[in-house]
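> Following this message is one structure expressed as structure tokens.
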Amino acid sequence: MSITRILGYKAKWSEEPFVHITGKRYQNRTGKCMDVKVYSNCPAVVLHTQDGEWSLDSSNGVFLFENIPFSGEGICVKAEAGNVSDTAEFRYVEEEDPSYVYVDPNPGPNVKNWFVDEVEKAKLFPAGRWSVMDTVNDLLTSSEAMALIDESSPELGEYMRDTVGTFTLEQVAAYAKTLIDEESFMELNKKLVLIKKK
């Protein structure tokens, strides 16, 4: 589970007050302004920089301070919520830092590579049956389908419940590649297509 997801849960469920500025590892930033995301379980957060302060309220633990201006070549930010605080420093750079660009050596599930023609596509994703080509919203309506997804990858099922939307399960898995490997994803599809839609 990613640290971002853990902090998101902490912001919702922890009773001990905390505040955390995200993205600290990515200190080099382009643009004259930047967005600062903060997680906290407090109802309000104040963000301080050398150029001013901004305050936000939130009921879901996520505080997004948009278009915070850089001052010269760097910016030091401090997020405060009650008696807790967190600080971070960011630097202005002319060009994107190439070390921040992730090149995936093993691209995640890609359903388009599973079939070569319409006949094979129809076999893999038969009409009237559940498959990875169904949307998250639709799959969430089927307890049988979700039980298979949870069995195959509890993290993927959890992610779907948090995400909710009109993305297909294939799109979600391609985006969140660490949640399920391609072989398991193909096996999941084989099990899903055994379930008739009601």
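In the structure tokens, chains take letters A, B, ... by order of appearance, with residues numbered from 1 within each chain and ligands from 1 in the order shown.
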Could you find all residues in chain A that DSSP calls strand (DSSP E) from the backbone, and write them as an NGL selection string?
:A and (19-21 or 28-29 or 33-40 or 44-49 or 52-57 or 62-69 or 74-81 or 84-92)
> So that I can see what lies close to A:Ser153, please list as number ranges by chain the residues with an atom at most 12 Å from it, counting only C-alpha atoms and leaving out residues fewer than 2 positions away in the same chain.
A: 1, 146-151, 155-160, 173, 177-182, 184-185, 187-188
> Give the answer as one residue: which of A:Val84, A:Val46, A:Ala174, A:Val101 has the shortest atom-to-atom distance to A:Met133, using only C-alpha atoms?
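So, comparing all the options, the nearest one is A:Ala174.
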> So, counting only C-alpha atoms, which residue among A:Thr30, A:Ser71, A:Thr22, A:Asn41 is closest to A:Ser59?
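Looking at the shortest contact to A:Ser59, the residue is A:Asn41.
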> Measuring atom to atom with only C-alpha atoms, identify which of A:Ile195, A:Met34, A:Ala81, A:Leu140 is nearest to A:Phe65.
A:Met34
> Given only C-alpha atoms as the basis, pick out the residue of A:Leu192, A:Val136, A:Ile75, A:Leu169 nearest to A:Thr87.
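Residue with the minimum atom-to-atom distance to A:Thr87: A:Ile75.
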> Could you tell me, as a PyMOL selection string, which residues of stretch 5-193 of chain A DSSP assigns to alpha helix (DSSP H) when given the backbone?
chain A and resi 5-13+118-124+136-139+143-152+154-163+169-175+182-192
> Could those selected residues go to a file with C-alpha atoms, as a short mmCIF file (atom, residue, chain, number, x, y, z; two decimals), in the first residue's frame?

data_model
loop_
_atom_site.label_atom_id
_atom_site.label_comp_id
_atom_site.auth_asym_id
_atom_site.auth_seq_id
_atom_site.Cartn_x
_atom_site.Cartn_y
_atom_site.Cartn_z
CA ARG A 5 -3.01 5.98 0.57
CA ILE A 6 -1.92 5.28 4.16
CA LEU A 7 -1.85 9.01 4.93
CA GLY A 8 -5.25 9.42 3.28
CA TYR A 9 -6.67 6.79 5.64
CA LYS A 10 -4.89 8.34 8.61
CA ALA A 11 -6.48 11.69 7.74
CA LYS A 12 -9.92 10.06 7.91
CA TRP A 13 -9.55 7.62 10.79
CA GLU A 118 -13.41 -9.40 -32.99
CA VAL A 119 -14.11 -13.14 -32.67
CA GLU A 120 -11.49 -13.53 -29.98
CA LYS A 121 -12.67 -10.33 -28.32
CA ALA A 122 -16.20 -11.75 -28.14
CA LYS A 123 -14.85 -14.91 -26.47
CA LEU A 124 -12.86 -12.97 -23.89
CA VAL A 136 -16.21 0.30 -11.75
CA ASN A 137 -19.71 1.62 -11.00
CA ASP A 138 -21.35 -1.36 -12.70
CA LEU A 139 -19.07 -3.94 -11.09
CA SER A 143 -21.60 -8.80 -5.01
CA GLU A 144 -20.43 -11.92 -6.92
CA ALA A 145 -18.12 -9.92 -9.18
CA MET A 146 -16.71 -7.89 -6.29
CA ALA A 147 -16.10 -11.08 -4.27
CA LEU A 148 -13.93 -12.39 -7.13
CA ILE A 149 -12.08 -9.07 -7.41
CA ASP A 150 -11.47 -8.97 -3.64
CA GLU A 151 -10.22 -12.57 -3.74
CA SER A 152 -7.89 -11.82 -6.64
CA PRO A 154 -7.99 -7.01 -2.04
CA GLU A 155 -6.07 -3.80 -2.84
CA LEU A 156 -7.78 -3.53 -6.23
CA GLY A 157 -11.23 -4.02 -4.67
CA GLU A 158 -10.45 -1.39 -2.06
CA TYR A 159 -9.18 1.00 -4.72
CA MET A 160 -12.38 0.50 -6.75
CA ARG A 161 -14.57 1.33 -3.76
CA ASP A 162 -12.54 4.49 -3.14
CA THR A 163 -12.45 5.51 -6.81
CA LEU A 169 -11.71 -2.10 -14.56
CA GLU A 170 -9.09 -2.46 -17.30
CA GLN A 171 -8.46 1.31 -17.22
CA VAL A 172 -8.18 1.28 -13.43
CA ALA A 173 -5.70 -1.62 -13.48
CA ALA A 174 -3.64 0.05 -16.21
CA TYR A 175 -3.47 3.25 -14.12
CA GLU A 182 -1.19 -9.02 -15.81
CA GLU A 183 -1.41 -12.78 -15.30
CA SER A 184 -3.68 -12.41 -12.27
CA PHE A 185 -5.73 -9.84 -14.15
CA MET A 186 -6.29 -12.26 -17.04
CA GLU A 187 -7.29 -14.99 -14.59
CA LEU A 188 -9.70 -12.57 -12.93
CA ASN A 189 -11.34 -11.88 -16.29
CA LYS A 190 -11.76 -15.63 -16.91
CA LYS A 191 -13.60 -15.95 -13.61
CA LEU A 192 -15.70 -12.82 -14.10
#
> Would you kindly return, as a list in words, each protein, DNA or RNA residue with an atom no farther than 6 Å from any atom of A:Val193, considering only C-alpha atoms and excluding same-chain residues fewer than 5 positions away?
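Non-adjacent residues within range: Arg129, Trp130 and Ser131 of chain A.
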> Generate a file of the selected residues that holds all heavy atoms, formatted as a compact mmCIF listing (two decimals), in the first residue's frame.

# COMPACT_ATOMS: atom_id res chain seq x y z
N ARG A 129 -22.19 -11.04 -19.74
CA ARG A 129 -21.34 -11.56 -18.66
C ARG A 129 -20.45 -10.43 -18.14
O ARG A 129 -20.13 -9.49 -18.85
CB ARG A 129 -20.43 -12.69 -19.18
CG ARG A 129 -21.16 -13.85 -19.83
CD ARG A 129 -21.82 -14.71 -18.79
NE ARG A 129 -22.54 -15.82 -19.39
CZ ARG A 129 -22.42 -17.07 -18.99
NH1 ARG A 129 -21.62 -17.37 -17.99
NH2 ARG A 129 -23.14 -18.01 -19.57
N TRP A 130 -20.02 -10.54 -16.89
CA TRP A 130 -19.12 -9.55 -16.31
C TRP A 130 -17.73 -9.74 -16.89
O TRP A 130 -17.33 -10.86 -17.21
CB TRP A 130 -19.08 -9.66 -14.79
CG TRP A 130 -20.36 -9.28 -14.14
CD1 TRP A 130 -21.27 -10.11 -13.55
CD2 TRP A 130 -20.90 -7.96 -14.03
NE1 TRP A 130 -22.33 -9.39 -13.07
CE2 TRP A 130 -22.14 -8.07 -13.35
CE3 TRP A 130 -20.46 -6.71 -14.43
CZ2 TRP A 130 -22.94 -6.97 -13.07
CZ3 TRP A 130 -21.27 -5.60 -14.16
CH2 TRP A 130 -22.48 -5.74 -13.48
N SER A 131 -16.97 -8.67 -17.00
CA SER A 131 -15.58 -8.75 -17.45
C SER A 131 -14.83 -7.51 -16.99
O SER A 131 -15.42 -6.58 -16.42
CB SER A 131 -15.52 -8.85 -18.98
OG SER A 131 -15.71 -7.57 -19.57
> For A:Cys42, find every residue with an atom within 12 Å (counting only C-alpha atoms), except residues of its own chain fewer than 2 positions away, and show them as number ranges by chain.
A: 10-20, 38-40, 44-46, 56-63, 79-85
> Got time to write the residues from that selection, N, CA and C atoms, as a CSV table (one decimal), in the first residue's frame?

chain,number,residue,atom,x,y,z
A,10,LYS,N,-5.2,7.7,7.3
A,10,LYS,CA,-4.9,8.3,8.6
A,10,LYS,C,-5.7,9.6,8.8
A,11,ALA,N,-5.8,10.4,7.7
A,11,ALA,CA,-6.5,11.7,7.7
A,11,ALA,C,-8.0,11.5,8.1
A,12,LYS,N,-8.5,10.3,7.7
A,12,LYS,CA,-9.9,10.1,7.9
A,12,LYS,C,-10.2,9.4,9.2
A,13,TRP,N,-9.2,8.5,9.7
A,13,TRP,CA,-9.6,7.6,10.8
A,13,TRP,C,-8.8,7.9,12.1
A,14,SER,N,-7.6,8.5,12.0
A,14,SER,CA,-6.8,8.7,13.2
A,14,SER,C,-7.4,9.7,14.1
A,15,GLU,N,-7.3,9.5,15.4
A,15,GLU,CA,-7.8,10.5,16.4
A,15,GLU,C,-6.7,11.4,16.8
A,16,GLU,N,-5.4,11.0,16.7
A,16,GLU,CA,-4.3,11.8,17.1
A,16,GLU,C,-4.1,12.9,16.0
A,17,PRO,N,-4.1,14.2,16.4
A,17,PRO,CA,-4.0,15.2,15.4
A,17,PRO,C,-2.7,15.1,14.6
A,18,PHE,N,-2.7,15.3,13.3
A,18,PHE,CA,-1.5,15.3,12.5
A,18,PHE,C,-1.7,16.1,11.2
A,19,VAL,N,-0.6,16.5,10.6
A,19,VAL,CA,-0.7,17.3,9.4
A,19,VAL,C,0.6,16.8,8.6
A,20,HIS,N,0.4,16.6,7.3
A,20,HIS,CA,1.5,16.2,6.4
A,20,HIS,C,1.4,16.8,5.0
A,38,VAL,N,-2.0,18.9,1.3
A,38,VAL,CA,-1.8,18.6,2.7
A,38,VAL,C,-2.8,17.6,3.2
A,39,TYR,N,-2.4,16.6,4.0
A,39,TYR,CA,-3.3,15.6,4.6
A,39,TYR,C,-3.4,16.0,6.1
A,40,SER,N,-4.6,16.0,6.6
A,40,SER,CA,-4.7,16.3,8.1
A,40,SER,C,-6.1,15.8,8.5
A,44,ALA,N,-9.3,22.4,9.8
A,44,ALA,CA,-8.8,23.5,9.1
A,44,ALA,C,-7.2,23.4,9.1
A,45,VAL,N,-6.6,23.9,8.0
A,45,VAL,CA,-5.2,23.9,7.9
A,45,VAL,C,-4.8,25.3,7.4
A,46,VAL,N,-3.7,25.9,8.0
A,46,VAL,CA,-3.2,27.2,7.5
A,46,VAL,C,-1.8,26.9,6.9
A,56,LEU,N,-7.6,26.8,4.6
A,56,LEU,CA,-8.6,26.0,4.0
A,56,LEU,C,-9.3,25.1,5.1
A,57,ASP,N,-10.6,24.9,4.9
A,57,ASP,CA,-11.3,23.9,5.6
A,57,ASP,C,-11.6,22.7,4.8
A,58,SER,N,-11.7,21.5,5.4
A,58,SER,CA,-12.0,20.3,4.7
A,58,SER,C,-12.6,19.3,5.6
A,59,SER,N,-13.6,18.5,5.0
A,59,SER,CA,-14.2,17.5,5.8
A,59,SER,C,-13.7,16.1,5.4
A,60,ASN,N,-12.8,16.0,4.4
A,60,ASN,CA,-12.4,14.7,4.0
A,60,ASN,C,-10.9,14.5,4.3
A,61,GLY,N,-10.2,15.4,4.9
A,61,GLY,CA,-8.8,15.2,5.3
A,61,GLY,C,-7.8,15.6,4.2
A,62,VAL,N,-8.3,16.1,3.1
A,62,VAL,CA,-7.4,16.6,2.0
A,62,VAL,C,-7.5,18.1,1.8
A,63,PHE,N,-6.4,18.8,1.8
A,63,PHE,CA,-6.4,20.2,1.7
A,63,PHE,C,-5.5,20.5,0.5
A,79,ALA,N,2.7,23.9,7.0
A,79,ALA,CA,1.3,23.7,7.2
A,79,ALA,C,1.1,23.5,8.7
A,80,GLU,N,0.1,24.2,9.2
A,80,GLU,CA,-0.3,24.2,10.6
A,80,GLU,C,-1.7,23.8,10.8
A,81,ALA,N,-2.0,22.9,11.8
A,81,ALA,CA,-3.4,22.6,12.1
A,81,ALA,C,-3.4,22.4,13.6
A,82,GLY,N,-4.0,23.3,14.3
A,82,GLY,CA,-3.9,23.2,15.8
A,82,GLY,C,-2.5,23.3,16.3
A,83,ASN,N,-2.1,22.3,17.1
A,83,ASN,CA,-0.8,22.3,17.7
A,83,ASN,C,0.2,21.5,16.9
A,84,VAL,N,-0.2,21.0,15.7
A,84,VAL,CA,0.7,20.2,14.9
A,84,VAL,C,1.1,20.9,13.6
A,85,SER,N,2.3,20.6,13.1
A,85,SER,CA,2.7,21.3,11.8
A,85,SER,C,3.7,20.4,11.1
> For A:Glu53, please output as a VMD selection string all residues within 10 Å (counting only C-alpha atoms; exclusion window: fewer than 2 positions along the same chain).
chain A and resid 46 to 51 55 68 77 to 79
> Go ahead and save the residues from that selection, with N, CA and C atoms, as an mmCIF file, in the first residue's frame.

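Output (part17.cif):
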data_model
loop_
_atom_site.group_PDB
_atom_site.id
_atom_site.type_symbol
_atom_site.label_atom_id
_atom_site.label_comp_id
_atom_site.auth_asym_id
_atom_site.auth_seq_id
_atom_site.Cartn_x
_atom_site.Cartn_y
_atom_site.Cartn_z
ATOM 1 N N VAL A 46 -3.721 25.881 7.962
ATOM 2 C CA VAL A 46 -3.170 27.150 7.495
ATOM 3 C C VAL A 46 -1.810 26.863 6.880
ATOM 4 N N LEU A 47 -1.609 27.372 5.660
ATOM 5 C CA LEU A 47 -0.338 27.197 4.963
ATOM 6 C C LEU A 47 0.412 28.517 4.973
ATOM 7 N N HIS A 48 1.659 28.489 5.472
ATOM 8 C CA HIS A 48 2.491 29.694 5.553
ATOM 9 C C HIS A 48 3.648 29.589 4.562
ATOM 10 N N THR A 49 3.965 30.694 3.896
ATOM 11 C CA THR A 49 5.185 30.815 3.101
ATOM 12 C C THR A 49 5.796 32.164 3.441
ATOM 13 N N GLN A 50 6.960 32.445 2.863
ATOM 14 C CA GLN A 50 7.576 33.740 3.108
ATOM 15 C C GLN A 50 6.766 34.879 2.495
ATOM 16 N N ASP A 51 5.814 34.556 1.607
ATOM 17 C CA ASP A 51 5.011 35.590 0.943
ATOM 18 C C ASP A 51 3.596 35.737 1.479
ATOM 19 N N SER A 55 -5.621 29.727 4.190
ATOM 20 C CA SER A 55 -6.341 28.838 5.093
ATOM 21 C C SER A 55 -7.424 28.088 4.329
ATOM 22 N N ILE A 68 0.239 28.488 -5.295
ATOM 23 C CA ILE A 68 1.071 29.158 -4.293
ATOM 24 C C ILE A 68 2.318 29.680 -5.019
ATOM 25 N N VAL A 77 7.470 26.057 2.848
ATOM 26 C CA VAL A 77 6.069 26.069 3.269
ATOM 27 C C VAL A 77 5.928 25.377 4.615
ATOM 28 N N LYS A 78 5.014 25.892 5.398
ATOM 29 C CA LYS A 78 4.707 25.294 6.696
ATOM 30 C C LYS A 78 3.202 25.154 6.790
ATOM 31 N N ALA A 79 2.744 23.940 7.043
ATOM 32 C CA ALA A 79 1.318 23.680 7.220
ATOM 33 C C ALA A 79 1.055 23.495 8.704
#
> Leaving out A:Gly74 and any residue of its chain fewer than 4 positions from it, which residues lie within 7 Å of it when counting only C-alpha atoms, given as a short mmCIF file (atom, residue, chain, number, x, y, z; two decimals) with all heavy atoms, in the first residue's frame?

data_model
loop_
_atom_site.label_atom_id
_atom_site.label_comp_id
_atom_site.auth_asym_id
_atom_site.auth_seq_id
_atom_site.Cartn_x
_atom_site.Cartn_y
_atom_site.Cartn_z
N PHE A 70 6.01 31.03 -6.12
CA PHE A 70 7.40 30.88 -5.73
C PHE A 70 7.96 32.26 -5.41
O PHE A 70 7.58 33.25 -6.01
CB PHE A 70 8.23 30.27 -6.86
CG PHE A 70 8.33 28.78 -6.78
CD1 PHE A 70 7.51 27.99 -7.54
CD2 PHE A 70 9.24 28.18 -5.93
CE1 PHE A 70 7.59 26.61 -7.48
CE2 PHE A 70 9.34 26.80 -5.85
CZ PHE A 70 8.51 26.02 -6.63
N PHE A 90 10.85 23.64 -1.48
CA PHE A 90 10.80 23.34 -2.90
C PHE A 90 11.67 24.35 -3.64
O PHE A 90 11.80 25.50 -3.21
CB PHE A 90 9.36 23.39 -3.41
CG PHE A 90 8.45 22.42 -2.70
CD1 PHE A 90 7.63 22.86 -1.66
CD2 PHE A 90 8.44 21.07 -3.04
CE1 PHE A 90 6.81 21.97 -0.99
CE2 PHE A 90 7.61 20.18 -2.37
CZ PHE A 90 6.79 20.62 -1.34
N ARG A 91 12.24 23.93 -4.76
CA ARG A 91 13.10 24.79 -5.56
C ARG A 91 12.49 25.02 -6.93
O ARG A 91 11.93 24.10 -7.53
CB ARG A 91 14.48 24.16 -5.74
CG ARG A 91 15.33 24.15 -4.49
CD ARG A 91 16.72 23.61 -4.78
NE ARG A 91 16.68 22.21 -5.17
CZ ARG A 91 16.76 21.19 -4.31
NH1 ARG A 91 16.86 21.43 -3.03
NH2 ARG A 91 16.72 19.95 -4.74
N TYR A 92 12.64 26.24 -7.44
CA TYR A 92 12.20 26.55 -8.80
C TYR A 92 13.30 26.14 -9.77
O TYR A 92 14.47 26.48 -9.58
CB TYR A 92 11.89 28.04 -8.95
CG TYR A 92 11.67 28.44 -10.39
CD1 TYR A 92 10.49 28.11 -11.03
CD2 TYR A 92 12.66 29.11 -11.09
CE1 TYR A 92 10.29 28.45 -12.36
CE2 TYR A 92 12.47 29.45 -12.43
CZ TYR A 92 11.29 29.12 -13.05
OH TYR A 92 11.09 29.43 -14.37
#
> By how many Å are atom CA of A:Asp35 and atom CA of A:Glu66 apart?
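Taking atom CA of A:Asp35 as the start and atom CA of A:Glu66 as the end point, the length is 4.4 Å.
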